[in-house]
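Taking it in order: structure first as structure tokens, then the write-up.
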Amino acid sequence: MRFGVVIFPGTWSDCDFHFVIGEVLHQPVKYVWHRDTDLSEYDCVILPGGFSYGDYLRAGAIAGRSPVVEALGDFLAGGGFVLGSCNGFQILCEAKLLPGALLRNECLQYRCQSTFLFVENAETPFTRGLRPGQVLKMPISHGEGKYYGDAETLRILRGRNQIVFRYCTEAGEITKEANPNGSVENIAGIMNEEGTVLGLMPHPERAAESALGGTDGLLLFHSLIGSLIEDGSFLKR
Amino acid sequence: MRARVFVRLKRGILDPQGTAVKRALEGLGYQEVRELRVGKVLELELEAAEPVQARGRLEEMCRRLLANPVTEDFQVEIVDEGRRPNLP
Amino acid sequence: MRARVFVRLKRGILDPQGTAVKRALEGLGYQEVRELRVGKVLELELEAAEPVQARGRLEEMCRRLLANPVTEDFQVEIVDEGRRPNLP
Amino acid sequence: MTGAEPKVTLDLAKAHGLTAEEYDRIIQLLGREPTYTELGLFSALWSEHCAYKHSKVFLRQFPTKAPHVLQGPGENAGIVDLGDGLALVLKMESHNHPSFIEPFQGAATGVGGILRDIFTMGARPVATLDSLRFGDPEDPKTRYLIGGVVSGISWYNNCFGVPNVGGEVAFAPEYRGNPLVNVMCVGLVRKDRIFRARAEGVGNPVLYVGAKTGRDGIHGATMASAVFEEGAEERRPTVQVGDPFTEKLLLEACLEAMATGAVVGIQDMGAAGLACCSAEMPSRAGTGMEVELSRVPLRETGMTPYEIMLSESQERMLLVVVRGREGEVRKVFAKWDLEAVEVGRVTDDGELRVRMDGQLVAQVPVRALTDEAPVYEKPTARPAWLDELHAFDPLDLPPPADYEQALLAILAAPTVASKQWVYRQYDHQVGINTLVLPGSDGGVLRIKGTRKAIALTTDGNARSVLLDPYQGGALAVAEAARNLACSGARPLAVTDCLNFGSPERPEILWQFSEAVRGISEACRRLEIPVVSGNVSFYNETEGQVILPTPIIGMAGLLEDAGWRTTQWFKGPGDRIALIGPEAVSLGGSEYLATCGRRVAGRLAPLDLTLEREVQAACRAAIEAGLVASAHDCAEGGVATALAEACMSGPGEIGADVALPSVGRLDLTLFGEGPSRIVVSIPPMAQRHFEGLMQEWQVPWRFIGTVGGDRFTLRVRGEVVVNLPVERIAHAWRTGFERYVA
Ligand SMILES: Nc1ncnc2c1ncn2[C@@H]1O[C@H](COP(=O)(O)OP(=O)(O)O)[C@@H](O)[C@H]1O
Ligand SMILES: [Mg+2]
């Protein structure tokens, strides 16, 4: 499976994703510059974490209008997958590729810590290898990760099963204490209606080697790679 | 031409920063503050022929970048139609 | 009573936010922006008898908490002397 | 020369912080009166900050050489060889005064400055650590400073994208008006890609890159000189504001430009900005430099040559590139949306020539600004009040009525209590190298592509330096090395940040000289070279001087990343051992400060030979795979170290320990002394461990067992502490956070 990792000015998880995909998963991976618009050589494009454009207006706002992001529409239409983590999630929301928005953490502070994620939907290409209700351990690192959607958006998200991950306790309870940033309904990650775009605040690339505290992040990639091979789109392209 | 753009959280969206500032003011003895919300103001100096057109452009900037329609409202104000800014 | 407090970086102080937003607007084709600075606006609803006194209190709040005197200027505006706020 | 500038007089020179003798010397060096801009150059480069004029003679004692040292003091940062073609770049710097004036921006720009020091050497920053000192957190002003400093560090660090892997926060009333913000950064560089701040190659162009120049942080002397009546307000130098986003672009662009091979030398424009770079770079290379100020990108209008030369605007660099290859470099910077402007060239005559619109505004031999800077050996005097402090015997105080309460009080003391509130605001994993996160004795990072890892720590205990600056300095080194040993690492190098009061006071300078002597001795005996550092003098506000606070930053190497060890107990049944000597004292201890509200007494002795052996024995046991946890005994004594081992890990676990009595109970529990390490040993490894300790011939003994949910301490068969771990953990977790949450 061919991955492209986008670099915006201010991105910093680019190298980490590149390393995990190339060195841990042994998949072909290249960097994509934010001004590039030809994504035809990739199966999955990753929007990594960081502070694109310093997050100076709103997190992800300026990057959300860049050429590479504009090109994602066609890329998706052609059968591609997009994964946005942390700043990448913020960018996807800003670009309207995912509904809702990410606001400043309710505690008004940056948070770098380990979190547990409740797998809400295990039927997406990114989570197919997981069990519904499975609890994953993945770190977060952000100051603006409070997911917000209005009542209508939430209703649609729920109705279409687009909520993929919620923050939970180690035992899998979705509680206020387990919510590190005040996200509505503990939402940590959502996908688009088609299931081809996943956005999440946690960092799967930081949970990809046991020496670094866990490998649950790899499960997303395994699912995705498995999905692609299974549904044949790997061969189509 | 000089303009101001206000960008603020929509009513109904929790403003924890506003709440924190209000609480801090109360702590300092300012009990009279009943409500407080924190927003952004962008002060722009524009090369623009005339206010109506400038306003149109500014509103477009807001829709395209400056405000997030999911969470924010915006408001455009033309402050000064000609001179260079001379802010306090 | 409704009031607005503007808090902005003093002239001469670097405004990285403003610079980034200006450049982003240029990138979107808004070449007319010659200068852009980002500030804060606090919208307050106050329990106060009369504007002069309210203004005094607000300026005090600015000096004590709302603005950082080292880097920021502030400006107080009484928007509405009586009614409840009704923001856009 | 330009006539628009004020006439230089002795008074003006004095207003610039120069003495009459220094001013005479300038006239002598130039053979004439300096111009206004020239005066600015001298005042900046001959300042304490740039010239180290009061400290230089003392700093010469530092051992700075070792086979693995690739760059010692004298450059932007020090460098040591890691093997495998890699090198580690390290440096620590203070931003104390700016952080008091504006805590958020002051601390943020402190991080920015030290990051630039690392990447100017060609290295990618891989970790930061922050060592902070504040007044009593009961004080609202202090709480405001803590909040501002921590969020400033958090903002810059996180936005730039470097993991913070450690640091310290300690409190004492003496820091109330003068908090300390010391930040250390380390970077990784390929050995063949190291860059230096040298202006080599006559005729080579000088490029200005990065942010535009404003009137930020210009030497306060500008104001004092009272030359600008008109529009004085407008011209007032402003606080430096950080822009971590631009810094991140600058990092990527610099490393990419360096990789082209077109860069000859590079230096960041930090303190004293362009003045410093344009003098130091040619001085190191034995060349000269010409700059044309009208080409410098400016953020503000009407800036004078003086202001442009002395501006401390952040996120800027000066590059010397190969003539003819400017285009390649410019292209790289353009890719990253940064300006790269040719502002001058390297010359062969040893002069710095500064022009504005073609008109000469300054011409000074670069050596006059650098090598000819004054160096003083000012008088030192041992303060008389030391005798009084030493005369106090903590054992004259009655022992505590309740040892459990005393322990809880120490664990809840802000200096000892958990600093999670601080470091959870810092990213500590970006780069996916962090094997040991903040919260253990040392942070540990793997080095990708090798089996190796590095361990990092900062340490400094000002109370012991106050009571005995010589031993206090040595103790800081010993403690830092011990923290690395506990992490499984062999120390490689020291960077330091020496925070003191005014060196013009003999008592302060004595503290400084003694501390430097102690650091030097410990570094020599433990064989750890000093490769970089920073001196911060004049840390006093309104007559209140800070505690003498030398901070030691240390980097160590683990040949095998698998050796990394953390400080917390792992499994029930593991045996607990105490390695090290018995000698402890309550003099200057946390117990005395917390329960007795004073800093006095004498320190327990430091035996550097024993220290070295204890560390080596601990490391040997770790390398042999026998050790489940290792934790150094520091503030709060062995009782505190044991408690921390129970509760600082991901899960809480109890321990039952019989402490060897060393006299009174409070001394036994809370007495502090060097060279002591608490380790835990899985039962299977016990025999092997015993054998190994025998071999190393260090004092040690088994003192207890890990397990259960209670923390129990016995002395001479008597239970003196028996508390649920939950209880001690609560005290420790909330002790600091209660002030700031
Ligand atoms: N306390 C010290 N110990 C060792 N080296 C020091 C010390 N203080 C300064 N140096 C060295 O002197 C040189 C100049 O340091 P400094 O002026 O702090 O650099 P910068 O220009 O980055 O502020 C550096 O190489 C630094 O490592
Ligand atoms: Mg430097």
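A note on labels: chains of the structure tokens are A, B, ... as shown, every chain counts residues from 1, and ligands are counted from 1 in their shown order.
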Neighbourhood of ligand 1 at 6 Å, counting only C-alpha atoms and all ligand atoms, reported as a VMD selection string: chain D and resid 49 to 50 73 to 77 117 271 496 to 498 530 532 to 535
DSSP-assigned alpha helix (DSSP H) members of chain C, reported as a VMD selection string: chain C and resid 16 to 27 51 to 61
Next, write the just-selected residues to a file, as a PDB file, in the first residue's frame, keeping N, CA and C atoms as the atom set.
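Saved to out15.pdb:
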ATOM      1  N   PRO C  16       3.132  37.600  15.214  1.00  0.00           N
ATOM      2  CA  PRO C  16       3.305  36.461  14.298  1.00  0.00           C
ATOM      3  C   PRO C  16       1.969  35.982  13.730  1.00  0.00           C
ATOM      4  N   GLN C  17       0.923  36.077  14.545  1.00  0.00           N
ATOM      5  CA  GLN C  17      -0.399  35.660  14.073  1.00  0.00           C
ATOM      6  C   GLN C  17      -0.841  36.495  12.893  1.00  0.00           C
ATOM      7  N   GLY C  18      -0.718  37.815  13.086  1.00  0.00           N
ATOM      8  CA  GLY C  18      -1.147  38.722  12.040  1.00  0.00           C
ATOM      9  C   GLY C  18      -0.376  38.468  10.749  1.00  0.00           C
ATOM     10  N   THR C  19       0.914  38.271  10.884  1.00  0.00           N
ATOM     11  CA  THR C  19       1.752  38.027   9.708  1.00  0.00           C
ATOM     12  C   THR C  19       1.303  36.767   8.975  1.00  0.00           C
ATOM     13  N   ALA C  20       1.041  35.715   9.727  1.00  0.00           N
ATOM     14  CA  ALA C  20       0.649  34.448   9.096  1.00  0.00           C
ATOM     15  C   ALA C  20      -0.709  34.582   8.409  1.00  0.00           C
ATOM     16  N   VAL C  21      -1.633  35.276   9.059  1.00  0.00           N
ATOM     17  CA  VAL C  21      -2.967  35.402   8.474  1.00  0.00           C
ATOM     18  C   VAL C  21      -2.897  36.268   7.218  1.00  0.00           C
ATOM     19  N   LYS C  22      -2.134  37.325   7.285  1.00  0.00           N
ATOM     20  CA  LYS C  22      -1.993  38.200   6.113  1.00  0.00           C
ATOM     21  C   LYS C  22      -1.443  37.398   4.933  1.00  0.00           C
ATOM     22  N   ARG C  23      -0.422  36.614   5.211  1.00  0.00           N
ATOM     23  CA  ARG C  23       0.173  35.834   4.130  1.00  0.00           C
ATOM     24  C   ARG C  23      -0.825  34.821   3.569  1.00  0.00           C
ATOM     25  N   ALA C  24      -1.612  34.229   4.468  1.00  0.00           N
ATOM     26  CA  ALA C  24      -2.613  33.250   4.008  1.00  0.00           C
ATOM     27  C   ALA C  24      -3.642  33.940   3.123  1.00  0.00           C
ATOM     28  N   LEU C  25      -4.041  35.153   3.495  1.00  0.00           N
ATOM     29  CA  LEU C  25      -5.012  35.880   2.679  1.00  0.00           C
ATOM     30  C   LEU C  25      -4.421  36.186   1.303  1.00  0.00           C
ATOM     31  N   GLU C  26      -3.162  36.582   1.292  1.00  0.00           N
ATOM     32  CA  GLU C  26      -2.488  36.818   0.014  1.00  0.00           C
ATOM     33  C   GLU C  26      -2.532  35.568  -0.846  1.00  0.00           C
ATOM     34  N   GLY C  27      -2.259  34.451  -0.190  1.00  0.00           N
ATOM     35  CA  GLY C  27      -2.269  33.176  -0.909  1.00  0.00           C
ATOM     36  C   GLY C  27      -3.638  32.872  -1.521  1.00  0.00           C
ATOM     37  N   PRO C  51     -22.414  54.945  32.926  1.00  0.00           N
ATOM     38  CA  PRO C  51     -21.291  54.672  32.037  1.00  0.00           C
ATOM     39  C   PRO C  51     -19.939  55.179  32.534  1.00  0.00           C
ATOM     40  N   VAL C  52     -19.914  56.357  33.109  1.00  0.00           N
ATOM     41  CA  VAL C  52     -18.617  56.916  33.487  1.00  0.00           C
ATOM     42  C   VAL C  52     -17.926  56.029  34.522  1.00  0.00           C
ATOM     43  N   GLN C  53     -18.737  55.651  35.467  1.00  0.00           N
ATOM     44  CA  GLN C  53     -18.204  54.801  36.528  1.00  0.00           C
ATOM     45  C   GLN C  53     -17.806  53.438  35.952  1.00  0.00           C
ATOM     46  N   ALA C  54     -18.653  52.912  35.082  1.00  0.00           N
ATOM     47  CA  ALA C  54     -18.380  51.616  34.477  1.00  0.00           C
ATOM     48  C   ALA C  54     -17.063  51.662  33.710  1.00  0.00           C
ATOM     49  N   ARG C  55     -16.877  52.728  32.966  1.00  0.00           N
ATOM     50  CA  ARG C  55     -15.653  52.861  32.190  1.00  0.00           C
ATOM     51  C   ARG C  55     -14.423  52.845  33.104  1.00  0.00           C
ATOM     52  N   GLY C  56     -14.559  53.545  34.203  1.00  0.00           N
ATOM     53  CA  GLY C  56     -13.457  53.576  35.166  1.00  0.00           C
ATOM     54  C   GLY C  56     -13.125  52.173  35.675  1.00  0.00           C
ATOM     55  N   ARG C  57     -14.169  51.460  36.025  1.00  0.00           N
ATOM     56  CA  ARG C  57     -13.964  50.093  36.520  1.00  0.00           C
ATOM     57  C   ARG C  57     -13.320  49.217  35.438  1.00  0.00           C
ATOM     58  N   LEU C  58     -13.814  49.354  34.223  1.00  0.00           N
ATOM     59  CA  LEU C  58     -13.293  48.527  33.134  1.00  0.00           C
ATOM     60  C   LEU C  58     -11.818  48.821  32.878  1.00  0.00           C
ATOM     61  N   GLU C  59     -11.478  50.099  32.930  1.00  0.00           N
ATOM     62  CA  GLU C  59     -10.072  50.437  32.703  1.00  0.00           C
ATOM     63  C   GLU C  59      -9.195  49.856  33.797  1.00  0.00           C
ATOM     64  N   GLU C  60      -9.739  49.853  34.980  1.00  0.00           N
ATOM     65  CA  GLU C  60      -9.012  49.256  36.092  1.00  0.00           C
ATOM     66  C   GLU C  60      -8.829  47.741  35.860  1.00  0.00           C
ATOM     67  N   MET C  61      -9.911  47.102  35.416  1.00  0.00           N
ATOM     68  CA  MET C  61      -9.811  45.661  35.122  1.00  0.00           C
ATOM     69  C   MET C  61      -8.735  45.399  34.072  1.00  0.00           C
TER      70      MET C  61
END
Considering only C-alpha atoms, tabulate each residue of chain A that lies at most 9 Å from chain B along with its nearest interatomic pair and the corresponding distance in Å to one decimal; arrange the rows by chain and ascending residue number and present them as a Markdown table.
| residue | atom | partner | partner_atom | distance |
| --- | --- | --- | --- | --- |
| A:Leu57 | CA | B:Leu66 | CA | 7.4 |
| A:Arg58 | CA | B:Asn68 | CA | 8.5 |
| A:Ala61 | CA | B:Leu65 | CA | 6.9 |
| A:Ile62 | CA | B:Leu65 | CA | 7.2 |
| A:Gly64 | CA | B:Leu65 | CA | 9.0 |
| A:Arg65 | CA | B:Leu65 | CA | 7.9 |
| A:Glu94 | CA | B:Asn68 | CA | 7.4 |
| A:Pro99 | CA | B:Val70 | CA | 8.7 |
| A:Gly100 | CA | B:Val70 | CA | 6.4 |
| A:Ala101 | CA | B:Val70 | CA | 6.6 |
| A:Leu103 | CA | B:Thr71 | CA | 8.5 |
| A:Arg104 | CA | B:Pro16 | CA | 8.6 |
| A:Asn105 | CA | B:Pro16 | CA | 8.7 |
| A:Glu106 | CA | B:Pro16 | CA | 6.1 |
| A:Cys107 | CA | B:Pro16 | CA | 7.7 |
| A:Leu108 | CA | B:Gln17 | CA | 7.0 |
| A:Tyr148 | CA | B:Thr71 | CA | 8.1 |
| A:Gly149 | CA | B:Val70 | CA | 7.5 |
| A:Asp150 | CA | B:Val70 | CA | 8.0 |
Produce a file of the selected residues containing all heavy atoms, as a compact mmCIF listing (two decimals), in the first residue's frame.
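What ended up in again.txt:
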# COMPACT_ATOMS: atom_id res chain seq x y z
N LEU A 57 -4.30 31.24 13.32
CA LEU A 57 -5.66 31.79 13.28
C LEU A 57 -6.57 30.87 14.10
O LEU A 57 -7.15 31.26 15.10
CB LEU A 57 -6.13 31.93 11.83
CG LEU A 57 -7.51 32.53 11.63
CD1 LEU A 57 -7.54 33.97 12.13
CD2 LEU A 57 -7.91 32.46 10.16
N ARG A 58 -6.69 29.66 13.61
CA ARG A 58 -7.33 28.55 14.33
C ARG A 58 -6.52 27.33 13.93
O ARG A 58 -5.98 27.29 12.82
CB ARG A 58 -8.78 28.33 13.86
CG ARG A 58 -9.77 29.42 14.17
CD ARG A 58 -11.14 29.04 13.64
NE ARG A 58 -11.11 28.69 12.22
CZ ARG A 58 -11.13 29.56 11.22
NH1 ARG A 58 -11.18 30.85 11.49
NH2 ARG A 58 -11.09 29.16 9.96
N ALA A 61 -6.58 25.94 10.26
CA ALA A 61 -7.38 26.79 9.36
C ALA A 61 -6.63 27.12 8.07
O ALA A 61 -7.16 26.95 6.98
CB ALA A 61 -7.78 28.08 10.07
N ILE A 62 -5.42 27.58 8.19
CA ILE A 62 -4.70 28.03 7.00
C ILE A 62 -4.33 26.83 6.13
O ILE A 62 -4.53 26.84 4.91
CB ILE A 62 -3.47 28.88 7.39
CG1 ILE A 62 -3.96 30.12 8.17
CG2 ILE A 62 -2.66 29.28 6.17
CD1 ILE A 62 -2.86 31.02 8.69
N GLY A 64 -5.88 24.14 5.93
CA GLY A 64 -7.12 23.61 5.36
C GLY A 64 -7.45 24.20 4.00
O GLY A 64 -8.31 23.68 3.30
N ARG A 65 -6.79 25.28 3.61
CA ARG A 65 -7.03 25.91 2.31
C ARG A 65 -5.85 25.71 1.38
O ARG A 65 -5.69 26.44 0.41
CB ARG A 65 -7.27 27.42 2.49
CG ARG A 65 -8.69 27.78 2.90
CD ARG A 65 -8.88 27.74 4.39
NE ARG A 65 -10.25 28.05 4.83
CZ ARG A 65 -10.75 27.62 5.98
NH1 ARG A 65 -10.03 26.85 6.79
NH2 ARG A 65 -11.96 27.92 6.33
N GLU A 94 -11.46 21.75 9.18
CA GLU A 94 -11.41 23.09 8.59
C GLU A 94 -11.70 23.03 7.09
O GLU A 94 -12.29 23.94 6.52
CB GLU A 94 -10.04 23.73 8.83
CG GLU A 94 -9.87 24.33 10.23
CD GLU A 94 -10.64 25.64 10.39
OE1 GLU A 94 -11.02 26.24 9.38
OE2 GLU A 94 -10.87 26.05 11.55
N PRO A 99 -17.10 16.66 9.30
CA PRO A 99 -17.99 17.64 9.93
C PRO A 99 -17.48 18.08 11.30
O PRO A 99 -16.69 17.38 11.92
CB PRO A 99 -19.30 16.85 10.07
CG PRO A 99 -18.89 15.42 10.16
CD PRO A 99 -17.63 15.29 9.33
N GLY A 100 -17.96 19.23 11.74
CA GLY A 100 -17.62 19.69 13.08
C GLY A 100 -16.36 20.53 13.11
O GLY A 100 -15.85 20.95 12.08
N ALA A 101 -15.87 20.76 14.32
CA ALA A 101 -14.70 21.61 14.50
C ALA A 101 -13.99 21.20 15.78
O ALA A 101 -14.55 20.51 16.62
CB ALA A 101 -15.12 23.07 14.60
N LEU A 103 -12.08 22.73 19.06
CA LEU A 103 -11.92 23.95 19.83
C LEU A 103 -10.82 23.77 20.86
O LEU A 103 -10.34 22.66 21.11
CB LEU A 103 -13.23 24.27 20.55
CG LEU A 103 -14.44 24.56 19.66
CD1 LEU A 103 -15.70 24.63 20.50
CD2 LEU A 103 -14.22 25.87 18.91
N ARG A 104 -10.48 24.89 21.45
CA ARG A 104 -9.48 24.88 22.52
C ARG A 104 -9.90 23.90 23.63
O ARG A 104 -11.07 23.84 23.99
CB ARG A 104 -9.39 26.29 23.08
CG ARG A 104 -8.21 26.47 23.92
CD ARG A 104 -7.76 27.91 23.89
NE ARG A 104 -6.77 28.07 24.93
CZ ARG A 104 -6.54 29.19 25.59
NH1 ARG A 104 -7.21 30.28 25.28
NH2 ARG A 104 -5.64 29.24 26.53
N ASN A 105 -8.94 23.15 24.15
CA ASN A 105 -9.21 22.24 25.25
C ASN A 105 -9.97 22.97 26.36
O ASN A 105 -9.63 24.11 26.68
CB ASN A 105 -7.92 21.69 25.86
CG ASN A 105 -7.18 20.76 24.91
OD1 ASN A 105 -7.68 20.41 23.84
ND2 ASN A 105 -5.98 20.37 25.31
N GLU A 106 -10.91 22.29 26.95
CA GLU A 106 -11.72 22.95 27.96
C GLU A 106 -10.88 23.41 29.15
O GLU A 106 -11.16 24.44 29.76
CB GLU A 106 -12.83 22.02 28.42
CG GLU A 106 -14.05 22.76 28.86
CD GLU A 106 -15.29 21.92 28.69
OE1 GLU A 106 -15.81 21.90 27.56
OE2 GLU A 106 -15.71 21.27 29.66
N CYS A 107 -9.81 22.68 29.46
CA CYS A 107 -8.95 23.07 30.58
C CYS A 107 -8.08 24.27 30.21
O CYS A 107 -7.35 24.79 31.05
CB CYS A 107 -8.07 21.90 31.00
SG CYS A 107 -6.99 21.34 29.65
N LEU A 108 -8.13 24.69 28.96
CA LEU A 108 -7.36 25.83 28.46
C LEU A 108 -5.86 25.58 28.48
O LEU A 108 -5.06 26.51 28.38
CB LEU A 108 -7.68 27.11 29.25
CG LEU A 108 -9.14 27.58 29.18
CD1 LEU A 108 -9.37 28.78 30.09
CD2 LEU A 108 -9.54 27.93 27.74
N TYR A 148 -16.24 19.51 18.55
CA TYR A 148 -17.54 20.16 18.66
C TYR A 148 -18.34 19.93 17.40
O TYR A 148 -17.83 20.06 16.28
CB TYR A 148 -17.39 21.67 18.88
CG TYR A 148 -18.71 22.39 18.77
CD1 TYR A 148 -19.58 22.45 19.85
CD2 TYR A 148 -19.12 22.96 17.56
CE1 TYR A 148 -20.82 23.05 19.74
CE2 TYR A 148 -20.36 23.56 17.44
CZ TYR A 148 -21.21 23.61 18.54
OH TYR A 148 -22.44 24.20 18.43
N GLY A 149 -19.58 19.57 17.58
CA GLY A 149 -20.52 19.53 16.46
C GLY A 149 -21.86 19.95 17.03
O GLY A 149 -22.15 19.68 18.20
N ASP A 150 -22.68 20.61 16.24
CA ASP A 150 -23.99 21.01 16.79
C ASP A 150 -24.90 19.77 16.84
O ASP A 150 -24.53 18.68 16.38
CB ASP A 150 -24.61 22.15 15.98
CG ASP A 150 -24.85 21.78 14.53
OD1 ASP A 150 -24.88 20.57 14.21
OD2 ASP A 150 -25.00 22.70 13.70
Spatial neighbours of C:Gly39, 6 Å, only C-alpha atoms, chain gap at least 5 places, as a ChimeraX atom specification: /B:40-41 /C:7-8
Neighbour list for A:Thr169 as a tab-separated table (two decimals) with C-alpha atoms, in the first residue's frame, cut-off 9 Å, only C-alpha atoms, skip fewer than 6 positions in-chain:
chain	number	residue	atom	x	y	z
A	115	THR	CA	-5.47	8.13	26.59
A	116	PHE	CA	-7.73	5.15	26.10
A	117	LEU	CA	-10.03	4.93	23.11
A	118	PHE	CA	-13.28	3.03	22.89
A	135	VAL	CA	-10.09	-0.35	24.16
A	175	THR	CA	-16.73	9.01	31.53
A	177	GLU	CA	-12.77	11.87	33.78
A	178	ALA	CA	-11.60	9.95	30.75
A	179	ASN	CA	-12.17	12.94	28.50
Residues of chain B within 7 Å of chain C, counting only C-alpha atoms, as a list in words: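 Contact residues on the first chain: Glu32, Val33, Arg34, Glu35, Leu36, Arg37, Val38, Gly39, Lys40, Val41, Leu42, Glu43, Leu44, Glu45, Leu46, Glu47 and Ala48 of chain B.
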Surrounding residues of A:Phe17 excluding itself and chain neighbours under 4 positions, 12 Å, only C-alpha atoms, as a PyMOL selection string: (chain A and resi 3-7+11-13+21-31+45-50+83-85+88+203-208+217-218+221) or (chain D and resi 430-432)
Distance-based interface of chain D with chain A, 10 Å, counting only C-alpha atoms, as a PyMOL selection string: chain D and resi 151+154-156+158-162+243-249+252+335-337+421+423-437+445-446+448+561-562+741
Interface residues on chain D facing chain C, 12 Å, only C-alpha atoms, written as a PyMOL selection string: chain D and resi 98-106+144+148+211-217+233-247+298-303+312-315+337-338
Atom CA of A:Asn186 to atom CA of A:Gly226, distance in Å rounded to a single decimal: 28.0 Å
All strand (DSSP E) positions in stretch 6-86 of chain C, as a PyMOL selection string: chain C and resi 6-9+33-46+72-80
